[in-house]
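Student: Sharing start_30.txt here; it has compact mmCIF, C-alpha atoms.
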# COMPACT_ATOMS: atom_id res chain seq x y z
CA MET A 1 -10.82 -5.74 -19.91
CA ARG A 2 -7.67 -6.90 -18.18
CA PRO A 3 -8.18 -8.79 -14.93
CA GLN A 4 -6.73 -6.86 -11.99
CA SER A 5 -3.65 -8.21 -10.24
CA PRO A 6 -4.28 -9.81 -6.86
CA SER A 7 -2.96 -8.34 -3.63
CA GLN A 8 -0.52 -10.10 -1.30
CA THR A 9 0.47 -9.24 2.25
CA VAL A 10 3.07 -6.55 2.89
CA GLY A 11 4.68 -9.17 5.19
CA PRO A 12 6.66 -8.41 8.34
CA PHE A 13 9.84 -7.08 6.72
CA PHE A 14 8.88 -3.93 4.81
CA ALA A 15 10.06 -1.10 7.05
CA PHE A 16 13.60 -0.90 5.63
CA ALA A 17 12.09 -0.18 2.21
CA LEU A 18 8.81 1.64 2.83
CA VAL A 19 9.15 3.50 6.12
CA ARG A 20 11.48 6.36 5.40
CA GLU A 21 12.74 9.03 7.72
CA GLY A 22 10.28 11.92 7.56
CA GLY A 23 7.66 9.95 5.65
CA ASN A 24 5.16 10.62 8.43
CA VAL A 25 5.87 14.36 8.58
CA LEU A 26 3.64 16.04 6.00
CA VAL A 27 4.34 19.62 7.03
CA ASP A 28 7.17 22.10 7.07
CA GLU A 29 7.25 25.42 8.89
CA LYS A 30 5.53 27.15 5.95
CA THR A 31 2.58 24.78 5.63
CA GLN A 32 -0.69 26.68 6.08
CA GLY A 33 -3.31 25.71 8.63
CA GLU A 34 -3.58 24.17 12.06
CA HIS A 35 -0.66 21.82 12.61
CA ILE A 36 -1.70 18.68 14.41
CA LEU A 37 -0.29 15.38 15.63
CA LEU A 38 -2.41 12.44 14.53
CA ARG A 39 -1.61 9.29 16.44
CA GLY A 40 -3.00 5.92 17.37
CA GLN A 41 -2.52 2.19 17.40
CA VAL A 42 -3.49 -0.68 15.15
CA LEU A 43 -5.12 -3.33 17.34
CA ASP A 44 -5.83 -6.98 16.56
CA GLY A 45 -8.81 -9.10 17.65
CA ASP A 46 -7.27 -9.62 21.08
CA GLY A 47 -6.84 -5.88 21.55
CA GLN A 48 -3.07 -6.25 21.22
CA PRO A 49 -1.10 -3.58 19.35
CA VAL A 50 0.06 -4.70 15.92
CA ASP A 51 3.70 -3.66 15.63
CA ASP A 52 4.20 -4.65 12.00
CA ALA A 53 1.49 -2.64 10.29
CA LEU A 54 1.90 0.12 7.73
CA VAL A 55 -0.53 3.05 7.81
CA GLU A 56 -0.91 5.50 4.92
CA ILE A 57 -2.93 8.71 4.91
CA TRP A 58 -4.08 11.01 2.10
CA GLN A 59 -5.77 14.34 2.70
CA ALA A 60 -6.54 17.83 1.43
CA ASP A 61 -4.60 20.88 2.57
CA ALA A 62 -6.00 23.31 5.14
CA GLN A 63 -8.17 24.94 2.43
CA GLY A 64 -9.63 21.64 1.25
CA ARG A 65 -7.46 21.48 -1.89
CA PHE A 66 -5.43 18.65 -3.36
CA ARG A 67 -2.13 18.95 -5.19
CA HIS A 68 -3.54 16.69 -7.88
CA PRO A 69 -4.92 17.49 -11.35
CA ALA A 70 -8.36 15.99 -10.59
CA ASP A 71 -8.94 18.92 -8.22
CA PRO A 72 -10.28 21.95 -10.12
CA ASN A 73 -8.45 24.11 -7.54
CA TYR A 74 -5.20 22.23 -8.06
CA ALA A 75 -3.24 25.39 -8.87
CA LEU A 76 -4.24 26.97 -5.56
CA ALA A 77 -3.17 24.03 -3.39
CA ASP A 78 -0.57 24.73 -0.70
CA PRO A 79 2.88 24.22 -2.30
CA HIS A 80 4.20 23.22 1.12
CA PHE A 81 1.86 20.29 1.46
CA ARG A 82 1.72 17.08 -0.61
CA GLY A 83 -0.89 15.42 1.59
CA PHE A 84 0.46 11.88 1.67
CA GLY A 85 2.04 10.22 4.70
CA ARG A 86 3.23 6.80 5.69
CA SER A 87 4.00 5.45 9.16
CA GLY A 88 5.03 2.10 10.55
CA THR A 89 3.91 0.88 13.96
CA ALA A 90 7.13 -0.69 15.24
CA SER A 91 7.23 1.62 18.25
CA GLY A 92 3.75 0.54 19.33
CA GLY A 93 1.67 2.88 17.18
CA PHE A 94 1.61 5.22 14.22
CA TRP A 95 1.88 9.00 14.15
CA PHE A 96 1.76 11.79 11.60
CA ARG A 97 2.59 15.47 11.80
CA THR A 98 0.13 17.09 9.45
CA VAL A 99 -2.48 19.83 9.22
CA LYS A 100 -6.15 19.56 9.84
CA PRO A 101 -7.60 19.39 6.33
CA GLY A 102 -10.23 21.79 5.11
CA PRO A 103 -13.59 20.32 4.14
CA VAL A 104 -13.87 19.21 0.53
CA PRO A 105 -17.18 20.23 -1.09
CA PRO A 106 -19.88 19.05 -1.05
CA SER A 107 -19.07 17.78 2.46
CA PRO A 108 -19.04 20.55 5.09
CA VAL A 109 -16.70 18.57 7.39
CA PRO A 110 -13.08 17.48 6.94
CA CYS A 111 -11.83 13.92 6.70
CA ILE A 112 -8.69 11.95 5.90
CA ALA A 113 -8.41 8.78 3.80
CA VAL A 114 -6.51 5.89 5.41
CA ARG A 115 -5.14 2.61 4.23
CA VAL A 116 -3.65 -0.05 6.51
CA PHE A 117 -1.42 -2.96 5.53
CA ALA A 118 0.03 -5.62 7.84
CA ARG A 119 1.51 -9.04 8.13
CA GLY A 120 -1.55 -11.26 8.35
CA MET A 121 -3.55 -9.10 5.93
CA LEU A 122 -3.57 -10.53 2.42
CA ILE A 123 -5.11 -7.27 1.24
CA HIS A 124 -5.18 -3.74 2.67
CA ALA A 125 -8.14 -2.18 4.50
CA VAL A 126 -9.39 1.33 3.71
CA SER A 127 -10.96 3.66 6.24
CA ARG A 128 -11.57 7.36 6.91
CA ILE A 129 -10.83 9.66 9.80
CA TYR A 130 -13.37 12.30 10.85
CA PHE A 131 -12.77 14.83 13.64
CA SER A 132 -14.52 14.98 17.02
CA ASP A 133 -14.91 18.78 16.94
CA HIS A 134 -17.26 18.73 13.93
CA ASP A 135 -20.85 17.68 13.42
CA ASN A 136 -19.99 14.76 11.18
CA THR A 137 -23.61 13.84 10.57
CA GLN A 138 -23.56 16.76 8.09
CA ASP A 139 -21.40 14.57 5.86
CA PRO A 140 -23.62 12.41 3.61
CA LEU A 141 -21.40 9.35 3.80
CA PHE A 142 -20.92 9.55 7.58
CA ALA A 143 -24.64 10.11 8.05
CA SER A 144 -25.39 6.99 6.00
CA LEU A 145 -23.26 4.74 8.23
CA ASP A 146 -24.52 2.56 11.08
CA PRO A 147 -24.80 4.94 14.06
CA GLU A 148 -23.58 2.13 16.34
CA ARG A 149 -20.34 1.82 14.39
CA ARG A 150 -19.56 5.17 12.80
CA GLN A 151 -17.94 6.54 15.95
CA THR A 152 -15.01 4.23 15.11
CA LEU A 153 -14.10 6.78 12.40
CA VAL A 154 -13.88 9.77 14.73
CA ALA A 155 -10.51 11.01 16.02
CA GLU A 156 -10.65 12.59 19.47
CA ARG A 157 -9.22 16.08 19.79
CA GLN A 158 -6.89 16.59 22.75
CA LEU A 159 -5.11 19.79 23.74
CA THR A 160 -1.65 19.08 25.10
CA PRO A 161 1.31 21.30 26.04
CA ALA A 162 2.90 20.16 22.78
CA GLY A 163 -0.09 21.20 20.67
CA VAL A 164 -3.22 19.71 19.19
CA VAL A 165 -3.34 15.92 19.15
CA TYR A 166 -5.97 13.79 17.48
CA ARG A 167 -6.13 10.23 18.72
CA TRP A 168 -7.56 7.54 16.45
CA ASP A 169 -7.11 3.77 16.72
CA ILE A 170 -7.65 1.17 14.04
CA ARG A 171 -9.37 -1.96 15.38
CA LEU A 172 -9.01 -4.69 12.81
CA GLN A 173 -11.42 -7.00 14.60
CA GLY A 174 -13.51 -7.23 17.76
CA PRO A 175 -16.52 -5.50 19.29
CA ARG A 176 -15.41 -2.03 18.21
CA GLU A 177 -14.08 -3.04 14.80
CA THR A 178 -13.31 0.02 12.67
CA ILE A 179 -15.53 0.62 9.64
CA PHE A 180 -13.65 -0.38 6.50
CA PHE A 181 -14.69 0.54 2.97
CA ASP A 182 -14.69 -1.42 -0.25
CA LEU A 183 -11.83 0.24 -2.12
CA MET B 1 -21.60 15.67 -8.96
CA SER B 2 -22.92 12.42 -10.34
CA HIS B 3 -19.52 10.98 -9.38
CA HIS B 4 -20.51 11.48 -5.79
CA GLU B 5 -23.73 9.58 -6.07
CA SER B 6 -22.48 6.42 -7.75
CA PRO B 7 -20.81 3.85 -5.52
CA SER B 8 -18.10 2.45 -7.70
CA ARG B 9 -16.54 -0.86 -6.84
CA VAL B 10 -12.88 -1.09 -7.56
CA LEU B 11 -11.78 -4.44 -6.16
CA ASP B 12 -12.90 -7.68 -7.77
CA TRP B 13 -13.41 -10.09 -4.88
CA SER B 14 -13.38 -13.12 -7.19
CA ILE B 15 -9.72 -12.23 -7.76
CA GLN B 16 -8.60 -10.60 -4.50
CA PRO B 17 -7.73 -12.73 -1.47
CA PRO B 18 -10.10 -12.63 1.51
CA TYR B 19 -9.11 -11.10 4.85
CA LEU B 20 -9.64 -14.42 6.64
CA TYR B 21 -7.70 -17.37 5.28
CA SER B 22 -6.96 -19.59 8.25
CA PRO B 23 -4.11 -21.63 6.70
CA TYR B 24 -2.24 -18.28 6.89
CA VAL B 25 -2.47 -18.24 10.68
CA ALA B 26 -1.79 -14.52 11.22
CA THR B 27 -5.02 -13.64 9.36
CA VAL B 28 -7.15 -15.18 12.12
CA ARG B 29 -6.82 -12.32 14.63
CA ARG B 30 -6.31 -9.57 12.08
CA ALA B 31 -9.16 -10.13 9.63
CA PRO B 32 -12.04 -7.64 9.85
CA HIS B 33 -15.33 -9.51 10.30
CA HIS B 34 -17.87 -6.89 9.22
CA PRO B 35 -18.69 -6.67 5.52
CA LEU B 36 -16.91 -3.81 3.77
CA VAL B 37 -19.02 -0.68 3.32
CA PRO B 38 -19.49 0.64 -0.25
CA LEU B 39 -17.69 3.95 -0.76
CA PRO B 40 -19.14 6.55 -3.16
CA ALA B 41 -16.26 8.00 -5.17
CA SER B 42 -15.40 11.47 -3.91
CA LEU B 43 -12.57 13.85 -4.72
CA LEU B 44 -10.67 12.51 -1.68
CA GLU B 45 -10.28 9.09 -3.26
CA ARG B 46 -9.99 10.38 -6.84
CA THR B 47 -6.83 12.30 -5.98
CA GLY B 48 -3.52 11.09 -4.58
CA PRO B 49 0.16 11.91 -4.31
CA VAL B 50 1.87 12.82 -7.58
CA TYR B 51 5.50 11.72 -7.93
CA GLY B 52 8.14 13.00 -10.29
CA GLU B 53 11.76 12.38 -11.22
CA GLY B 54 12.85 14.48 -8.25
CA ASP B 55 11.57 11.76 -5.94
CA ILE B 56 13.87 9.10 -7.39
CA GLY B 57 17.66 8.80 -7.17
CA PRO B 58 19.78 7.60 -10.12
CA LEU B 59 20.61 4.21 -8.54
CA ASP B 60 17.28 3.59 -6.84
CA HIS B 61 16.24 1.03 -9.48
CA ASP B 62 19.51 -0.92 -9.31
CA LEU B 63 19.62 -3.03 -6.16
CA THR B 64 23.01 -4.44 -7.15
CA LYS B 65 24.49 -0.96 -6.84
CA ASN B 66 22.32 1.12 -4.52
CA ALA B 67 23.79 -0.41 -1.35
CA ALA B 68 27.19 -1.61 -2.59
CA LYS B 69 30.00 -0.92 -0.12
CA ASN B 70 33.05 -2.76 -1.42
CA GLY B 71 31.84 -4.91 -4.29
CA GLU B 72 28.88 -6.55 -5.92
CA PRO B 73 26.25 -8.46 -3.98
CA LEU B 74 26.44 -12.24 -4.15
CA GLY B 75 23.92 -14.29 -6.07
CA GLU B 76 22.32 -14.45 -9.46
CA ARG B 77 21.93 -11.01 -11.07
CA ILE B 78 18.53 -10.56 -12.74
CA ILE B 79 16.59 -7.92 -14.65
CA VAL B 80 12.94 -7.52 -13.68
CA THR B 81 10.82 -5.45 -16.01
CA GLY B 82 7.21 -5.09 -17.00
CA ARG B 83 4.32 -2.82 -17.70
CA VAL B 84 1.77 -1.38 -15.31
CA LEU B 85 -1.67 -1.34 -16.95
CA ASP B 86 -5.12 -0.30 -15.90
CA GLU B 87 -8.07 -2.62 -16.38
CA SER B 88 -8.78 -1.21 -19.82
CA GLY B 89 -5.29 -2.28 -20.87
CA ARG B 90 -3.65 1.14 -21.07
CA GLY B 91 -0.19 1.71 -19.65
CA VAL B 92 -0.20 3.78 -16.47
CA PRO B 93 2.56 6.41 -16.40
CA GLY B 94 4.09 7.95 -13.28
CA VAL B 95 3.39 5.02 -10.96
CA LEU B 96 5.71 4.86 -7.96
CA VAL B 97 6.92 1.24 -7.92
CA GLU B 98 8.78 0.17 -4.78
CA ILE B 99 10.27 -3.28 -4.31
CA TRP B 100 11.91 -5.08 -1.42
CA GLN B 101 13.22 -8.59 -0.94
CA ALA B 102 15.52 -11.06 0.81
CA ASN B 103 19.09 -11.50 -0.42
CA ALA B 104 20.36 -14.52 -2.36
CA ALA B 105 20.66 -16.52 0.87
CA GLY B 106 17.05 -15.87 1.87
CA ARG B 107 17.79 -13.25 4.54
CA TYR B 108 16.14 -9.86 4.95
CA ILE B 109 18.10 -6.96 6.34
CA HIS B 110 15.20 -6.27 8.75
CA LYS B 111 16.28 -6.54 12.38
CA ASN B 112 13.50 -8.99 13.21
CA ASP B 113 14.58 -11.52 10.58
CA GLN B 114 16.39 -14.19 12.60
CA HIS B 115 16.82 -16.76 9.80
CA ASP B 116 20.23 -18.42 10.15
CA ALA B 117 21.59 -17.23 6.81
CA PRO B 118 24.21 -14.59 6.06
CA LEU B 119 23.59 -10.92 5.39
CA ASP B 120 25.30 -9.50 2.33
CA PRO B 121 27.34 -6.35 3.05
CA ASN B 122 26.67 -5.14 -0.48
CA PHE B 123 22.93 -5.67 -0.57
CA VAL B 124 20.01 -4.04 1.22
CA GLY B 125 17.23 -5.29 -1.06
CA ALA B 126 15.11 -2.15 -1.52
CA GLY B 127 14.51 -0.19 -4.72
CA ARG B 128 12.10 2.26 -6.30
CA THR B 129 11.33 3.73 -9.69
CA LEU B 130 8.60 5.49 -11.68
CA THR B 131 6.85 3.98 -14.68
CA ASP B 132 7.59 5.76 -17.96
CA ASP B 133 5.10 7.33 -20.40
CA GLN B 134 3.97 3.87 -21.52
CA GLY B 135 3.78 2.38 -18.02
CA TYR B 136 7.06 0.43 -18.15
CA TYR B 137 9.39 -0.06 -15.18
CA ARG B 138 12.73 -1.84 -14.86
CA PHE B 139 14.83 -3.06 -11.94
CA ILE B 140 18.18 -4.79 -11.67
CA THR B 141 18.54 -7.00 -8.64
CA ILE B 142 19.65 -10.38 -7.25
CA LYS B 143 17.38 -13.41 -7.34
CA PRO B 144 16.09 -13.77 -3.77
CA GLY B 145 16.40 -17.03 -1.85
CA ALA B 146 13.56 -18.96 -0.23
CA TYR B 147 13.36 -18.64 3.54
CA PRO B 148 11.64 -20.37 6.44
CA TRP B 149 8.81 -18.89 8.49
CA ARG B 150 6.85 -20.16 11.45
CA ASN B 151 3.33 -20.34 10.06
CA HIS B 152 3.31 -24.14 10.30
CA HIS B 153 5.81 -26.97 10.58
CA ASN B 154 8.52 -26.77 7.90
CA ALA B 155 7.00 -23.69 6.28
CA TRP B 156 9.08 -22.00 3.58
CA ARG B 157 8.20 -18.95 1.55
CA PRO B 158 8.81 -19.36 -2.18
CA ALA B 159 11.35 -16.90 -3.57
CA HIS B 160 9.56 -13.59 -4.09
CA ILE B 161 9.98 -9.87 -4.59
CA HIS B 162 7.53 -7.58 -2.80
CA PHE B 163 5.95 -4.85 -4.95
CA SER B 164 4.19 -1.67 -3.81
CA LEU B 165 2.48 0.53 -6.42
CA ILE B 166 1.02 4.00 -5.97
CA GLY B 167 -0.94 4.96 -9.08
CA ARG B 168 -2.75 8.07 -10.26
CA ASN B 169 -5.06 8.46 -7.27
CA PHE B 170 -5.89 6.97 -3.88
CA SER B 171 -7.97 4.21 -5.47
CA GLU B 172 -5.02 2.91 -7.53
CA ARG B 173 -2.98 1.20 -4.85
CA LEU B 174 -1.58 -2.30 -4.80
CA VAL B 175 0.84 -4.22 -2.60
CA THR B 176 1.66 -7.64 -3.96
CA GLN B 177 4.47 -10.16 -4.50
CA MET B 178 6.18 -11.43 -7.62
CA TYR B 179 7.11 -15.12 -7.79
CA PHE B 180 9.40 -17.10 -10.07
CA PRO B 181 8.34 -19.71 -12.62
CA GLY B 182 8.60 -23.37 -11.64
CA ASP B 183 9.01 -22.78 -7.91
CA PRO B 184 8.05 -26.03 -6.11
CA LEU B 185 7.22 -24.11 -2.92
CA LEU B 186 4.25 -22.27 -4.43
CA LYS B 187 1.85 -25.14 -3.89
CA TYR B 188 2.66 -25.24 -0.16
CA ASP B 189 2.52 -21.48 0.44
CA PRO B 190 -0.65 -20.24 2.17
CA ILE B 191 0.02 -16.64 1.17
CA TYR B 192 0.07 -17.51 -2.52
CA GLN B 193 -2.73 -20.06 -2.09
CA GLY B 194 -4.81 -17.43 -0.29
CA ILE B 195 -5.76 -16.02 -3.70
CA PRO B 196 -8.97 -17.93 -4.49
CA ASN B 197 -8.73 -17.89 -8.26
CA ILE B 198 -6.00 -20.11 -9.74
CA LYS B 199 -5.58 -18.03 -12.92
CA ALA B 200 -5.31 -14.85 -10.83
CA ARG B 201 -2.64 -16.46 -8.66
CA GLU B 202 -0.61 -17.48 -11.65
CA ARG B 203 -0.50 -13.88 -12.84
CA LEU B 204 1.84 -13.19 -9.92
CA ILE B 205 4.44 -15.52 -11.44
CA ALA B 206 6.90 -13.64 -13.61
CA SER B 207 7.85 -15.19 -16.93
CA PHE B 208 11.40 -15.80 -18.03
CA ASP B 209 12.01 -13.46 -20.96
CA LEU B 210 14.84 -14.04 -23.42
CA GLU B 211 14.38 -10.58 -24.91
CA THR B 212 14.95 -8.95 -21.55
CA THR B 213 17.89 -11.24 -20.84
CA ARG B 214 21.20 -9.49 -21.50
CA PRO B 215 23.90 -11.69 -23.08
CA GLU B 216 26.87 -12.51 -20.85
CA TRP B 217 25.30 -10.53 -18.00
CA ALA B 218 21.86 -11.34 -16.51
CA LEU B 219 18.64 -13.31 -16.95
CA GLY B 220 15.52 -11.28 -17.58
CA TYR B 221 12.04 -11.68 -16.10
CA ARG B 222 8.86 -10.02 -17.25
CA PHE B 223 6.16 -9.09 -14.72
CA ASP B 224 3.13 -7.06 -15.81
CA ILE B 225 0.75 -5.64 -13.23
CA VAL B 226 -2.87 -4.55 -13.66
CA LEU B 227 -3.97 -1.82 -11.26
CA ALA B 228 -7.60 -1.59 -10.28
CA GLY B 229 -8.89 1.92 -9.73
CA TYR B 230 -11.38 4.64 -10.50
CA ASP B 231 -9.78 6.06 -13.63
CA ARG B 232 -10.91 3.20 -15.82
CA THR B 233 -14.53 3.72 -14.77
CA TYR B 234 -14.49 7.48 -15.01
CA PHE B 235 -12.80 7.95 -18.33
CA GLU B 236 -15.09 5.41 -19.93
CA GLU B 237 -18.28 6.80 -18.48
CA GLU B 238 -17.60 10.44 -19.09
CA PRO B 239 -19.19 11.78 -22.28
Rewrite the coordinates I just gave you, this time as structure tokens.
Tutor:
Amino acid sequence: MRPQSPSQTVGPFFAFALVREGGNVLVDEKTQGEHILLRGQVLDGDGQPVDDALVEIWQADAQGRFRHPADPNYALADPHFRGFGRSGTASGGFWFRTVKPGPVPPSPVPCIAVRVFARGMLIHAVSRIYFSDHDNTQDPLFASLDPERRQTLVAERQLTPAGVVYRWDIRLQGPRETIFFDL
Amino acid sequence: MSHHESPSRVLDWSIQPPYLYSPYVATVRRAPHHPLVPLPASLLERTGPVYGEGDIGPLDHDLTKNAAKNGEPLGERIIVTGRVLDESGRGVPGVLVEIWQANAAGRYIHKNDQHDAPLDPNFVGAGRTLTDDQGYYRFITIKPGAYPWRNHHNAWRPAHIHFSLIGRNFSERLVTQMYFPGDPLLKYDPIYQGIPNIKARERLIASFDLETTRPEWALGYRFDIVLAGYDRTYFEEEP
């Protein structure tokens, strides 16, 4: 066994290399499914927005398929959807234009994988986004989480003139600290 | 389905730095306090973005050329190469490796970097490449300078190149920094010192490599990276 390499902080000066134009737009006009805006803030222990964080998301397409060979339905995945997005927070928060993913069996509800990096974080934190318009307790992992805390994983659906918006904040610390996973 | 039932730890916390390391002051208000929750491996984390040659431009790996306007960037030209491995020691192909760094004077192009040192009109300091079939990558760049930061009085970051790696699935993800051998600033740097295990820390120091060094042209450094992730576990456990 080779010992794994240790993580180091992304630092404050990554945007010019990692945050590319369009990197937070996962869809084009042909992408199947409900197009949504997913937005929120990364907040520190004082409740202040973190403006030098990097947020990455990974998700299935609207049918619950991944464009990745580990998915048995790989060949059927939406060719207009890669499923990966990256956003900085320099403007006060992060946002992604994406589709609402389909549920991935055996879970009957959809979710998105999230990773956050920031100055002041020597290693990333991993979380998940569930959606407020589903009964997430049907998901075995969600159901197993502390009921007092698992609401931190739920994005709130809002209908706006511009379309469907899901709002989800990442609280790194504090009374409503987001649930982070060991990954 | 058994994959779903077995929580599978990926990160080795005797090697990885903690969230809270108070000598690095910015960790104090950004460190999660709750223990991390075990995550059973599901298809969501066993898949990830797949990159190909179409994602990479021909000069993306050469930071001495990919932002040149009217000449070569100033400073010491270097070659940085290495192999990306998984924990079972196999090369990992198709990894998206992105790097970014300060210029030779210790200045980042980022608008918030106010260090009183010159920008270089021929250098941005960002590059990307994919590992080959055997897991090898290669960059050409300029040796970055040390620069001051405000963590504590007279704080200076050792010269470093930031690395971001996206491997074969969501679990294979690493952001780290490469340092240079013999740098006297390493022992004063709370970011480097935040890694608890001394041997693990030292694996972030590249080694000077005469074989990589190109005569009459550039010094070579070798920097291998070991990615934690699910694939090691799965391939070994599957019948």
Student: Quote the spacing between CA of Glu148 in chain A and CA of Pro18 in chain B in Å to one decimal place.
Tutor: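 According to the coordinates, CA of Glu148 in chain A and CA of Pro18 in chain B are separated by 24.9 Å.
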Student: For Glu76 in chain B, please output as a ChimeraX atom specification all residues within 8 Å (counting only C-alpha atoms; exclusion window: fewer than 5 positions along the same chain).
Tutor: /B:104,142-143,218
Student: What separation in Å, quoted to one decimal, exists between CA of Ile198 in chain B and CA of Pro184 in chain B?
Tutor: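 Between CA of Ile198 in chain B and CA of Pro184 in chain B the gap works out to 15.7 Å.
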Student: Rounded to one decimal place, report the CA of Leu74 in chain B-CA of Arg150 in chain B distance in Å.
Tutor: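 Taking CA of Leu74 in chain B and CA of Arg150 in chain B, their separation equals 26.3 Å.
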Student: Taking all atoms listed in the file into account, name the residue in A:Tyr74, A:Tyr166, A:Phe131, A:Phe66 that is nearest to chain B.
Tutor: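 Of A:Tyr74, A:Tyr166, A:Phe131, A:Phe66, the one nearest chain B, counting all atoms listed in the file, is A:Phe66.
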Student: Quick one: everything within 7 Å of Leu219 in chain B, counting all atoms listed in the file, minus sequence neighbours fewer than 6 positions away in the same chain. Send it as a list in words.
Tutor: Ile78, Ile79 and Thr213 of chain B
Student: Fewer than 4 positions away in the same chain doesn't count, so skip those; otherwise give me all residues within 6 Å of Trp156 in chain B, counting only C-alpha atoms, as a list of chain:residue names.
Tutor: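 Residues meeting the cut-off are B:Tyr147, B:Pro148, B:Trp149.
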Student: Could you give me, as a ChimeraX atom specification, the residues within 6 Å of range 87-103 of chain B, counting only C-alpha atoms and dropping anything in the same chain fewer than 4 positions from it?
Tutor: /A:1-2 /B:107-108,125-135,144,161-167
Student: Show me the residues close to (11.8, 9.2, 2.4) - anything with an atom within 12 Å, counting only C-alpha atoms - and format the list as an MDAnalysis selection string.
Tutor: (chainID A and resid 15:26 84:87) or (chainID B and resid 54:57 98 128)
Student: Might you pull out every residue within 12 Å of Val80 in chain B, with all atoms listed in the file counted and same-chain residues fewer than 4 positions away left off, and present them as a ChimeraX atom specification?
Tutor: /B:61-63,99,127,136-143,160-161,163,178-180,205-214,218-224
Student: With 8 Å of padding per side, what axis-aligned box (centre and edge lengths, Å, one decimal) covers all the listed atoms of range 153-161 of chain A? Give it as lines of an AutoDock Vina configuration file.
Tutor:
center_x = -6.4
center_y = 14.0
center_z = 19.2
size_x = 31.4
size_y = 30.5
size_z = 29.6
Student: Please complete range 121-125 of chain B with all heavy atoms and give it back as a tab-separated table (two decimals), in the frame of the given file.
Tutor:
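Full text of out30.tsv as output:
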chain	number	residue	atom	x	y	z
B	121	PRO	N	26.96	-7.75	2.78
B	121	PRO	CA	27.34	-6.35	3.05
B	121	PRO	C	27.07	-5.42	1.88
B	121	PRO	O	27.02	-4.20	2.06
B	121	PRO	CB	28.84	-6.44	3.34
B	121	PRO	CG	29.29	-7.73	2.75
B	121	PRO	CD	28.11	-8.66	2.81
B	122	ASN	N	26.88	-5.98	0.70
B	122	ASN	CA	26.67	-5.14	-0.48
B	122	ASN	C	25.22	-5.14	-0.98
B	122	ASN	O	24.96	-4.77	-2.12
B	122	ASN	CB	27.61	-5.57	-1.61
B	122	ASN	CG	29.06	-5.25	-1.26
B	122	ASN	OD1	29.38	-4.10	-0.95
B	122	ASN	ND2	29.90	-6.27	-1.25
B	123	PHE	N	24.31	-5.57	-0.12
B	123	PHE	CA	22.93	-5.67	-0.57
B	123	PHE	C	21.97	-5.32	0.55
B	123	PHE	O	22.04	-5.87	1.65
B	123	PHE	CB	22.65	-7.11	-1.03
B	123	PHE	CG	21.35	-7.29	-1.76
B	123	PHE	CD1	21.19	-6.82	-3.05
B	123	PHE	CD2	20.28	-7.94	-1.15
B	123	PHE	CE1	20.00	-7.00	-3.74
B	123	PHE	CE2	19.08	-8.12	-1.83
B	123	PHE	CZ	18.94	-7.65	-3.13
B	124	VAL	N	21.09	-4.36	0.28
B	124	VAL	CA	20.01	-4.04	1.22
B	124	VAL	C	18.71	-4.71	0.75
B	124	VAL	O	17.97	-5.28	1.53
B	124	VAL	CB	19.84	-2.52	1.37
B	124	VAL	CG1	18.47	-2.17	1.96
B	124	VAL	CG2	20.94	-1.96	2.27
B	125	GLY	N	18.42	-4.62	-0.54
B	125	GLY	CA	17.23	-5.29	-1.06
B	125	GLY	C	16.02	-4.38	-1.15
B	125	GLY	O	14.88	-4.85	-1.03
